[in-house]
Every structure is written in C-alpha cells, then in structure tokens.
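Pasted below: data_8.txt, compact mmCIF, C-alpha atoms and all ligand atoms.
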# COMPACT_ATOMS: atom_id res chain seq x y z
CA MET A 293 59.08 1.45 16.16
CA LYS A 294 58.44 2.91 19.62
CA SER A 295 56.13 0.72 21.74
CA PHE A 296 52.61 2.03 22.27
CA GLY A 297 49.37 1.23 24.09
CA TYR A 298 46.27 -0.04 22.34
CA VAL A 299 42.59 0.42 23.24
CA LYS A 300 39.57 -0.75 21.23
CA ALA A 301 36.71 1.74 21.58
CA ARG A 302 33.10 0.46 21.54
CA THR A 303 31.30 3.83 21.55
CA THR A 304 32.20 7.32 20.35
CA GLU A 305 32.01 8.51 23.98
CA ASP A 306 34.54 5.81 24.95
CA ALA A 307 36.81 6.85 22.13
CA VAL A 308 36.78 10.54 23.06
CA HIS A 309 37.17 9.77 26.78
CA SER A 310 40.14 7.49 26.07
CA PHE A 311 41.74 10.16 23.90
CA VAL A 312 41.70 12.78 26.64
CA SER A 313 42.73 10.41 29.43
CA LEU A 314 45.56 8.45 27.77
CA PRO A 315 49.02 9.82 26.89
CA ASP A 316 49.77 10.99 23.31
CA ALA A 317 46.67 9.27 21.98
CA ARG A 318 45.76 8.92 18.31
CA PHE A 319 42.66 7.45 16.71
CA LEU A 320 43.25 4.42 14.48
CA GLY A 321 40.83 3.65 11.63
CA GLY A 322 42.12 1.53 8.74
CA GLY A 323 45.70 2.49 9.62
CA THR A 324 46.77 2.68 5.99
CA ASN A 325 48.63 5.96 6.53
CA LEU A 326 49.20 6.19 10.30
CA VAL A 327 50.87 2.77 10.63
CA ASP A 328 53.20 3.56 7.71
CA LEU A 329 54.19 6.82 9.42
CA MET A 330 54.82 4.96 12.68
CA LYS A 331 57.13 2.52 10.89
CA LEU A 332 59.01 5.47 9.38
CA GLY A 333 59.38 7.15 12.77
CA VAL A 334 57.37 10.18 11.65
CA GLU A 335 54.54 9.44 14.10
CA ALA A 336 55.11 7.99 17.56
CA PRO A 337 51.79 7.90 19.45
CA GLY A 338 51.71 6.75 23.06
CA THR A 339 48.32 5.06 22.63
CA LEU A 340 46.29 3.99 19.63
CA ILE A 341 42.53 4.13 20.12
CA ASP A 342 41.05 1.76 17.58
CA VAL A 343 37.78 3.22 16.30
CA SER A 344 37.17 0.62 13.60
CA ALA A 345 34.48 -1.22 15.64
CA LEU A 346 32.39 1.90 16.29
CA PRO A 347 28.87 1.81 14.81
CA LEU A 348 29.85 4.34 12.11
CA ASP A 349 30.03 1.99 9.15
CA THR A 350 26.77 2.72 7.35
CA ILE A 351 25.65 4.94 4.46
CA SER A 352 22.13 6.27 4.89
CA GLU A 353 19.92 8.38 2.67
CA LEU A 354 18.77 11.64 4.28
CA PRO A 355 15.32 13.17 4.00
CA GLY A 356 15.55 15.53 1.02
CA GLY A 357 17.96 13.35 -0.92
CA GLY A 358 21.42 13.74 0.62
CA LEU A 359 23.61 11.06 2.17
CA ARG A 360 25.20 10.51 5.57
CA VAL A 361 28.40 8.49 5.28
CA GLY A 362 29.73 7.01 8.51
CA ALA A 363 33.37 7.70 9.31
CA THR A 364 34.38 4.03 9.24
CA VAL A 365 32.74 3.26 5.88
CA ARG A 366 35.49 1.75 3.74
CA ASN A 367 36.55 3.62 0.61
CA SER A 368 35.61 0.63 -1.60
CA ASP A 369 32.12 0.45 -0.13
CA LEU A 370 31.53 4.17 -0.59
CA ALA A 371 32.74 4.08 -4.21
CA ALA A 372 30.49 1.14 -5.03
CA HIS A 373 27.33 2.35 -3.26
CA PRO A 374 24.48 2.62 -5.82
CA ALA A 375 23.31 6.00 -4.53
CA VAL A 376 26.83 7.44 -4.88
CA ARG A 377 27.37 6.01 -8.34
CA ARG A 378 23.97 7.27 -9.46
CA GLY A 379 23.91 10.68 -7.79
CA TRP A 380 27.53 11.77 -7.42
CA PRO A 381 29.77 9.91 -9.89
CA VAL A 382 32.52 12.47 -9.17
CA LEU A 383 32.86 10.96 -5.69
CA SER A 384 32.89 7.36 -6.85
CA GLN A 385 35.48 8.19 -9.54
CA ALA A 386 37.66 10.07 -7.06
CA LEU A 387 37.68 7.14 -4.64
CA LEU A 388 38.47 4.62 -7.36
CA SER A 389 41.36 6.75 -8.60
CA GLY A 390 43.05 6.58 -5.19
CA ALA A 391 45.50 4.01 -3.81
CA SER A 392 44.96 0.34 -4.75
CA GLY A 393 42.03 -2.06 -4.43
CA GLN A 394 43.57 -3.64 -1.31
CA LEU A 395 44.07 -0.26 0.37
CA ARG A 396 40.58 0.98 -0.53
CA ASN A 397 39.14 -2.14 1.12
CA VAL A 398 40.69 -1.06 4.43
CA ALA A 399 40.91 2.74 4.31
CA THR A 400 38.03 4.62 5.96
CA THR A 401 36.14 7.80 5.11
CA GLY A 402 37.37 9.61 8.22
CA GLY A 403 40.94 8.40 7.78
CA ASN A 404 40.98 9.47 4.15
CA LEU A 405 40.23 13.06 5.22
CA LEU A 406 42.96 12.91 7.85
CA GLN A 407 45.73 11.34 5.78
CA ARG A 408 48.97 13.30 5.74
CA THR A 409 51.05 14.67 2.90
CA ARG A 410 53.30 12.31 0.96
CA CYS A 411 56.02 14.99 0.69
CA PRO A 412 59.18 12.83 0.67
CA TYR A 413 60.98 15.19 3.05
CA PHE A 414 58.14 14.85 5.56
CA GLN A 415 58.53 11.07 5.43
CA ASP A 416 62.33 11.19 5.83
CA THR A 417 63.29 11.90 9.44
CA GLY A 418 66.81 12.87 8.31
CA GLN A 419 65.51 15.96 6.48
CA PRO A 420 64.35 19.32 7.82
CA CYS A 421 60.57 19.62 7.71
CA ASN A 422 58.43 22.22 9.48
CA LYS A 423 55.40 19.96 9.32
CA ARG A 424 57.12 17.06 11.10
CA GLU A 425 59.36 19.18 13.33
CA PRO A 426 58.19 22.81 13.60
CA GLY A 427 61.02 25.32 13.18
CA SER A 428 63.41 22.90 11.44
CA GLY A 429 62.93 24.40 7.96
CA CYS A 430 61.46 23.14 4.69
CA ALA A 431 63.71 21.02 2.50
CA ALA A 432 61.27 21.17 -0.41
CA VAL A 433 61.33 24.94 -0.98
CA GLU A 434 64.84 24.75 -2.48
CA GLY A 435 64.79 21.02 -3.10
CA VAL A 436 62.96 18.65 -5.44
CA ASN A 437 59.49 20.16 -5.55
CA ARG A 438 57.95 18.85 -8.76
CA ASP A 439 55.04 17.27 -6.86
CA HIS A 440 54.42 20.23 -4.55
CA ALA A 441 51.96 23.11 -4.33
CA VAL A 442 51.37 25.95 -6.77
CA LEU A 443 48.53 27.62 -4.85
CA GLY A 444 48.19 28.82 -1.26
CA HIS A 445 51.62 27.70 -0.05
CA SER A 446 53.91 29.59 2.33
CA ALA A 447 57.64 29.88 2.94
CA HIS A 448 57.13 27.38 5.77
CA CYS A 449 55.59 24.56 3.73
CA VAL A 450 54.80 23.82 0.08
CA ALA A 451 53.25 20.38 0.54
CA THR A 452 50.09 19.14 -1.17
CA HIS A 453 47.19 17.26 0.35
CA PRO A 454 47.08 13.70 -1.02
CA SER A 455 43.36 12.86 -0.89
CA ASP A 456 41.26 12.44 -4.03
CA MET A 457 38.05 11.84 -2.08
CA ALA A 458 38.39 15.14 -0.21
CA VAL A 459 38.61 17.11 -3.47
CA ALA A 460 35.33 15.61 -4.65
CA LEU A 461 33.68 16.20 -1.27
CA ALA A 462 34.80 19.85 -1.22
CA ALA A 463 33.31 20.34 -4.69
CA LEU A 464 30.05 18.73 -3.53
CA ASP A 465 29.65 21.15 -0.57
CA ALA A 466 29.90 18.16 1.78
CA GLU A 467 30.19 18.66 5.53
CA VAL A 468 32.09 16.78 8.19
CA GLU A 469 30.49 15.93 11.54
CA LEU A 470 32.74 15.82 14.58
CA VAL A 471 32.35 14.88 18.23
CA GLY A 472 34.88 15.81 20.89
CA PRO A 473 35.39 16.86 24.48
CA GLY A 474 33.57 20.13 23.69
CA GLY A 475 30.55 18.43 22.09
CA GLN A 476 29.45 18.06 18.48
CA ARG A 477 30.05 20.39 15.54
CA THR A 478 29.68 20.38 11.76
CA LEU A 479 32.07 22.00 9.27
CA PRO A 480 32.19 22.29 5.49
CA VAL A 481 34.81 19.89 4.10
CA ALA A 482 36.18 22.86 2.14
CA ASP A 483 37.03 24.55 5.47
CA PHE A 484 38.24 21.43 7.27
CA HIS A 485 41.78 21.42 5.85
CA ARG A 486 44.13 24.37 6.34
CA LEU A 487 46.61 26.27 4.24
CA PRO A 488 50.07 25.98 5.82
CA GLY A 489 50.75 29.61 6.81
CA ASP A 490 53.27 29.58 9.66
CA ARG A 491 51.81 26.44 11.28
CA PRO A 492 52.18 23.67 8.70
CA GLU A 493 52.21 21.04 11.44
CA GLN A 494 48.44 21.57 11.64
CA ASP A 495 46.81 19.93 8.60
CA THR A 496 43.20 20.56 9.60
CA VAL A 497 41.11 22.58 12.03
CA ILE A 498 40.32 19.48 14.09
CA ARG A 499 40.72 20.01 17.85
CA PRO A 500 42.47 17.61 20.26
CA GLY A 501 40.22 14.65 21.00
CA GLU A 502 37.76 15.37 18.19
CA LEU A 503 36.64 12.35 16.20
CA ILE A 504 35.08 12.45 12.74
CA THR A 505 31.76 10.61 12.99
CA SER A 506 30.34 11.14 9.50
CA VAL A 507 30.31 13.10 6.27
CA LEU A 508 27.12 14.69 4.95
CA ILE A 509 26.63 14.99 1.20
CA PRO A 510 23.88 17.48 0.35
CA ALA A 511 21.28 16.82 -2.33
CA SER A 512 22.02 20.09 -4.18
CA SER A 513 24.13 18.48 -6.93
CA ALA A 514 22.55 15.01 -6.97
CA GLY A 515 22.16 13.62 -10.47
CA MET A 516 23.96 16.50 -12.20
CA PRO A 517 26.77 15.75 -14.67
CA SER A 518 29.96 15.40 -12.65
CA ALA A 519 33.42 13.93 -13.07
CA TYR A 520 36.77 13.44 -11.35
CA ARG A 521 39.87 13.33 -13.51
CA LYS A 522 43.40 12.78 -12.29
CA VAL A 523 46.78 13.16 -13.98
CA ARG A 524 49.56 11.11 -12.41
CA ASP A 525 52.90 9.58 -13.29
CA ARG A 526 51.50 6.05 -13.73
CA ALA A 527 48.07 4.64 -14.41
CA SER A 528 47.28 3.47 -10.87
CA TYR A 529 48.55 3.56 -7.30
CA ALA A 530 49.95 7.07 -7.61
CA PHE A 531 49.06 10.43 -6.10
CA ALA A 532 47.76 13.26 -8.28
CA LEU A 533 50.09 15.63 -10.04
CA VAL A 534 46.87 17.50 -10.73
CA SER A 535 43.26 16.43 -10.39
CA VAL A 536 39.92 18.08 -11.08
CA ALA A 537 36.50 17.50 -9.53
CA ALA A 538 33.71 19.20 -11.45
CA VAL A 539 29.92 19.46 -11.45
CA LEU A 540 28.25 21.37 -14.28
CA ALA A 541 24.61 21.90 -15.21
CA VAL A 542 23.58 23.94 -18.26
CA GLY A 543 20.02 25.24 -18.73
CA ASP A 544 17.94 25.02 -21.90
CA ASP A 545 18.89 28.65 -22.59
CA GLY A 546 22.56 27.64 -22.83
CA LEU A 547 23.50 29.40 -19.59
CA ILE A 548 25.36 27.64 -16.80
CA ARG A 549 23.00 27.24 -13.87
CA TYR A 550 25.22 25.24 -11.51
CA ALA A 551 29.00 24.87 -11.34
CA ARG A 552 31.38 23.45 -8.77
CA LEU A 553 35.09 23.03 -9.35
CA GLY A 554 37.86 21.66 -7.15
CA PHE A 555 41.53 20.88 -7.73
CA GLY A 556 43.77 18.28 -6.12
CA GLY A 557 47.56 18.03 -6.15
CA VAL A 558 48.00 21.80 -6.22
CA ALA A 559 47.71 22.96 -2.59
CA HIS A 560 47.99 22.05 1.09
CA LYS A 561 44.23 21.46 1.03
CA PRO A 562 41.64 20.43 -1.54
CA TRP A 563 41.40 23.61 -3.62
CA ARG A 564 37.85 24.82 -4.13
CA ALA A 565 37.93 27.12 -7.19
CA VAL A 566 35.45 29.74 -5.97
CA ALA A 567 36.72 32.48 -8.31
CA ALA A 568 36.17 30.23 -11.31
CA GLU A 569 32.75 29.12 -10.08
CA SER A 570 31.54 32.70 -9.72
CA LEU A 571 32.54 33.43 -13.33
CA LEU A 572 30.91 30.24 -14.60
CA ILE A 573 27.48 30.51 -13.00
CA GLY A 574 25.11 32.47 -15.25
CA ALA A 575 27.58 32.67 -18.16
CA PRO A 576 27.03 31.05 -21.57
CA ALA A 577 28.32 27.48 -21.64
CA GLY A 578 31.33 27.07 -23.91
CA GLU A 579 35.07 26.62 -23.99
CA ASP A 580 35.81 30.38 -23.94
CA THR A 581 33.84 30.79 -20.72
CA TYR A 582 35.52 27.79 -19.09
CA ARG A 583 38.99 28.99 -20.06
CA ARG A 584 38.37 32.53 -18.79
CA ALA A 585 37.06 31.20 -15.48
CA VAL A 586 39.87 28.71 -14.90
CA GLU A 587 42.51 31.27 -15.90
CA ALA A 588 41.10 33.67 -13.32
CA GLU A 589 41.50 30.95 -10.69
CA MET A 590 45.02 30.09 -11.79
CA SER A 591 46.11 33.74 -11.87
CA HIS A 592 46.83 33.26 -8.15
CA ALA A 593 49.28 30.42 -8.81
CA ALA A 594 52.90 30.80 -7.71
CA PRO A 595 54.78 27.80 -9.04
CA LEU A 596 58.02 26.59 -7.47
CA SER A 597 61.30 25.89 -9.30
CA GLY A 598 60.18 22.44 -10.43
CA ASN A 599 56.43 22.53 -10.97
CA ALA A 600 55.39 25.34 -13.34
CA PHE A 601 53.92 22.62 -15.58
CA LYS A 602 51.15 22.08 -13.01
CA VAL A 603 49.51 25.43 -13.76
CA LYS A 604 48.99 24.66 -17.44
CA LEU A 605 48.06 21.06 -16.65
CA ALA A 606 45.42 22.13 -14.13
CA ARG A 607 43.98 24.73 -16.50
CA ASP A 608 43.78 22.40 -19.50
CA LEU A 609 42.41 19.49 -17.47
CA ALA A 610 39.68 21.65 -15.94
CA VAL A 611 38.64 23.21 -19.28
CA ASP A 612 38.52 19.83 -21.00
CA THR A 613 36.52 18.32 -18.13
CA LEU A 614 33.95 21.13 -18.28
CA VAL A 615 33.65 20.76 -22.08
CA ARG A 616 32.96 17.03 -21.66
CA LEU A 617 30.40 17.60 -18.87
CA ALA A 618 28.52 20.20 -20.91
CA ASP A 619 28.39 17.77 -23.85
CA ARG A 620 26.87 15.19 -21.50
CA GLY A 621 24.37 17.53 -19.86
FE1 LIG B 701 57.86 19.49 5.32
FE2 LIG B 701 55.96 20.85 4.06
FE3 LIG B 701 58.48 21.35 3.52
FE4 LIG B 701 57.43 19.00 2.79
S1 LIG B 701 56.84 20.97 1.99
S2 LIG B 701 59.46 19.38 3.74
S3 LIG B 701 55.97 18.67 4.43
S4 LIG B 701 57.49 21.67 5.50
Spit out the file's structure as structure tokens when you get a sec.
Amino acid sequence: MKSFGYVKARTTEDAVHSFVSLPDARFLGGGTNLVDLMKLGVEAPGTLIDVSALPLDTISELPGGGLRVGATVRNSDLAAHPAVRRGWPVLSQALLSGASGQLRNVATTGGNLLQRTRCPYFQDTGQPCNKREPGSGCAAVEGVNRDHAVLGHSAHCVATHPSDMAVALAALDAEVELVGPGGQRTLPVADFHRLPGDRPEQDTVIRPGELITSVLIPASSAGMPSAYRKVRDRASYAFALVSVAAVLAVGDDGLIRYARLGFGGVAHKPWRAVAAESLLIGAPAGEDTYRRAVEAEMSHAAPLSGNAFKVKLARDLAVDTLVRLADRG
C-alpha cells in the first residue's frame, strides 16, 4: 500500500478546509470500503481526513415527522432506531440485508452512499476498467457480467451500485445534505448517483471537497406498508443480484393512493422506477396492475450476455412484493 497522510477532523469546516489544502485528500468514515480498495491498489489517496469524530452521529426527529440522520450514524444504529423500524421498515430491512453485523457496526450512513461498485474487474488492477482508469476499456462488457447492469448502462461501463440502503432512501424521496468549499446544498438521493455515460469514473454528482453531513427522510411515507427484499447468491454477506424497495398504500375504494418503487442490483445507481409508479398511482390495486406497471419499467432493460435472468427476477420480485404489501395495508 502506498504511504499516506492522516488528519483527524474535529469540525466540518476543518474537514472541508483540510480536503482542499492537502494533496489527493479523501474523507474516511468507517473505512469498510475505502481501506479495502487501498489494500487492493485501486485507491491511493495522499491524505485521509478522518471524519468519524465529527458531531454527525445523531438521528433526530424533524418537525412534521421526518428524520435527519447524521452522516456518521452507523448502519446498525440506523437499522435499529425505533422511529425507523416503526415508520420506514423498508430502510431498516435494507440496512440489515447488507454486509455483516460486524461491518454494519462500523459502516456509516455517508460512507454507505459513497461505496464503490464491487465489479471484480474494477477491483483487479490487472484488468482494463474505465471506472478505475478512464480510457482503458471495460472488461465486463464482453466478460463475465452475470452480476452487472440491465438498465441505464453504457458501452463504457456496465457496473451496478452495491448499496441496499441507497435503494430504500431513493424510494423514500430522501435527500442528502452536503457542505463543501462552495457552501451547503441539498439533493434528492435519487439524483445523487449517476448513470455511467462516458464518465463512469464519476459515481455521484458530489463535487471535490464536498462532505455528506446528513440524510433527510421526509414524513410523506411514514407508517405506510413498506418492504425491502433482496435476492442474492447466499443468505447473508452478499450483494444483491436484484433487490426491490417498495412503499404501497391502498385507499378504501381499492385504488392505489401512494406508490414508490426502487430496484437495486440492476443499474449504476439505485433505480427509481418512476414509470411504474406513475402507472400504479390511482389504478386499482391488484396483481394485473402491478405486473403491467413493472413490465413498463422493465421494457427499458437491455440485458448483457450473462444476466438476462435479472429482468424476470426483478419483475417477479417487484410484483410479489407489491401483492404482499397490499395484503398488509
Ligand atoms: Fe470497470 Fe465498469 Fe467495466 Fe466494471 S463494468 S470493468 S467497473 S468500466
């Protein structure tokens, strides 16, 4: 591993100032992804700015019923928080489906959003990879691509985003708060991650020196039936082949009054199924409606040589999840 400098930030201002004044700086939260990538030689920062001691480790209830989750709140603590379990079970379930208990005890909310793809070619410095080394090519397009994207990919990159939590947050209309050299800004989580296009090296729209300070979960879906379901190759400690985050509320008249749907494991970013949602809202609840809506979303899929199964898997998982939520509601 290349040697690097280390700074422990005490305030967000310190952290941002250190980032812009020190060479090749990177923020360090729990380190559960970044340190692995440094050991593999994929990342080689000049300086690590440790943000784990910043006062961003609390979950607070907002006026009106939402939540503010600090960026250094650990994944385990967020999953176990009574307000999350009560109001947004989809988020708690997504967190608990990720990684292992030991990793969730260390991994942070901000770091979870910023984790990088687990594409094996990205992690192998002997392979061409446009994300790791722009212009070198993409070994996965013609290689082993069973785990890769079926939606929104490009000829430059077919990787998937690995986060479960981010899929749930996108479906909940959550927002991410950032502070950086240019001041503060707030973005929808659904717009925070990018599709690869011709710049796959850029995972998100974050700007140099910007630090995630918190995530805002709005009250709009609080208490509604919601669920996160994940299909993977083994029962734990595995990334999603396909996952679904769903919120569904059905009125007394049998019409769907609220629907949110997100997919994981299918794209370079958490995939918010806006086409499906628009067909669901106002339609009669029932399997035919769910299937029509999800098929409309999946009509944009372009599977690779090794992952056509993901399209059917995503469709069936989403329909079954909506059926179960409607039964509950
Ligand atoms: Fe790299 Fe993306 Fe291709 Fe994987 S899919 S090898 S991350 S460019």
Using all atoms of ligand LIG 701 (chain B) that appear in the file, construct an axis-aligned enclosing box with 5 Å of padding on every side and provide its centre coordinates and edge lengths in Å, rounded to one decimal, as JSON.
{"center_x": 57.7, "center_y": 20.2, "center_z": 3.7, "size_x": 13.5, "size_y": 13.0, "size_z": 13.5}
_Pick from A:Phe311, A:Phe319, A:Phe414, A:Tyr298, whichever lies nearest to ligand LIG 701 (chain B) using all atoms listed in the file_ = A:Phe414
*Between A:Asp619, A:Asp328, A:Asp495, A:Glu579, which has the minimum distance to ligand LIG 701 (chain B) (counting only C-alpha atoms and all ligand atoms)?*
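Closest candidate: A:Asp495.
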Show me, as a Markdown table, the residues of chain A having an atom within 6 Å of ligand LIG 701 (chain B), each with the closest atom pair and its distance in Å, using all atoms listed in the file.
| residue | atom | partner | partner_atom | distance |
| --- | --- | --- | --- | --- |
| A:Cys411 | CA | B:LIG701 | FE4 | 4.7 |
| A:Tyr413 | CA | B:LIG701 | S2 | 4.5 |
| A:Phe414 | CA | B:LIG701 | S3 | 4.5 |
| A:Cys421 | CA | B:LIG701 | FE1 | 3.6 |
| A:Asn422 | CA | B:LIG701 | S4 | 4.1 |
| A:Lys423 | CA | B:LIG701 | S4 | 4.7 |
| A:Cys430 | CA | B:LIG701 | FE3 | 3.7 |
| A:Ala431 | CA | B:LIG701 | S2 | 4.7 |
| A:Ala432 | CA | B:LIG701 | FE3 | 4.8 |
| A:His448 | CA | B:LIG701 | S4 | 5.7 |
| A:Cys449 | CA | B:LIG701 | FE2 | 3.7 |
| A:Val450 | CA | B:LIG701 | S1 | 4.0 |
| A:Ala451 | CA | B:LIG701 | S1 | 3.9 |
*Quick one: distance from atom CA of A:Leu540 to atom CA of A:Leu354 in Å, one decimal?*
23.0 Å
*Tell me which of A:Ala363, A:Leu340, A:Leu406, A:Ala585 sits closest to A:Ile498, counting only C-alpha atoms.*
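Distance minimum relative to A:Ile498 lands on A:Leu406.
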*Place a sphere of radius 9 Å on (27.0, 31.8, -16.6) in the file coordinates and name every protein, DNA or RNA residue with an atom inside or on its surface, counting all atoms listed in the file; give the answer as number ranges by chain.*
A: 542, 546-551, 570-577, 581
*Go ahead and compute the interatomic distance for atom CA of A:Ile351 and atom CA of A:Gly501, in Å to one decimal.*
24.1 Å
*Return the single residue from A:Gln415, A:Glu589, A:Leu533, A:Tyr520 that is closest to A:Leu614, with distances computed using only C-alpha atoms.*
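For A:Leu614, the nearest of the given residues is A:Tyr520.
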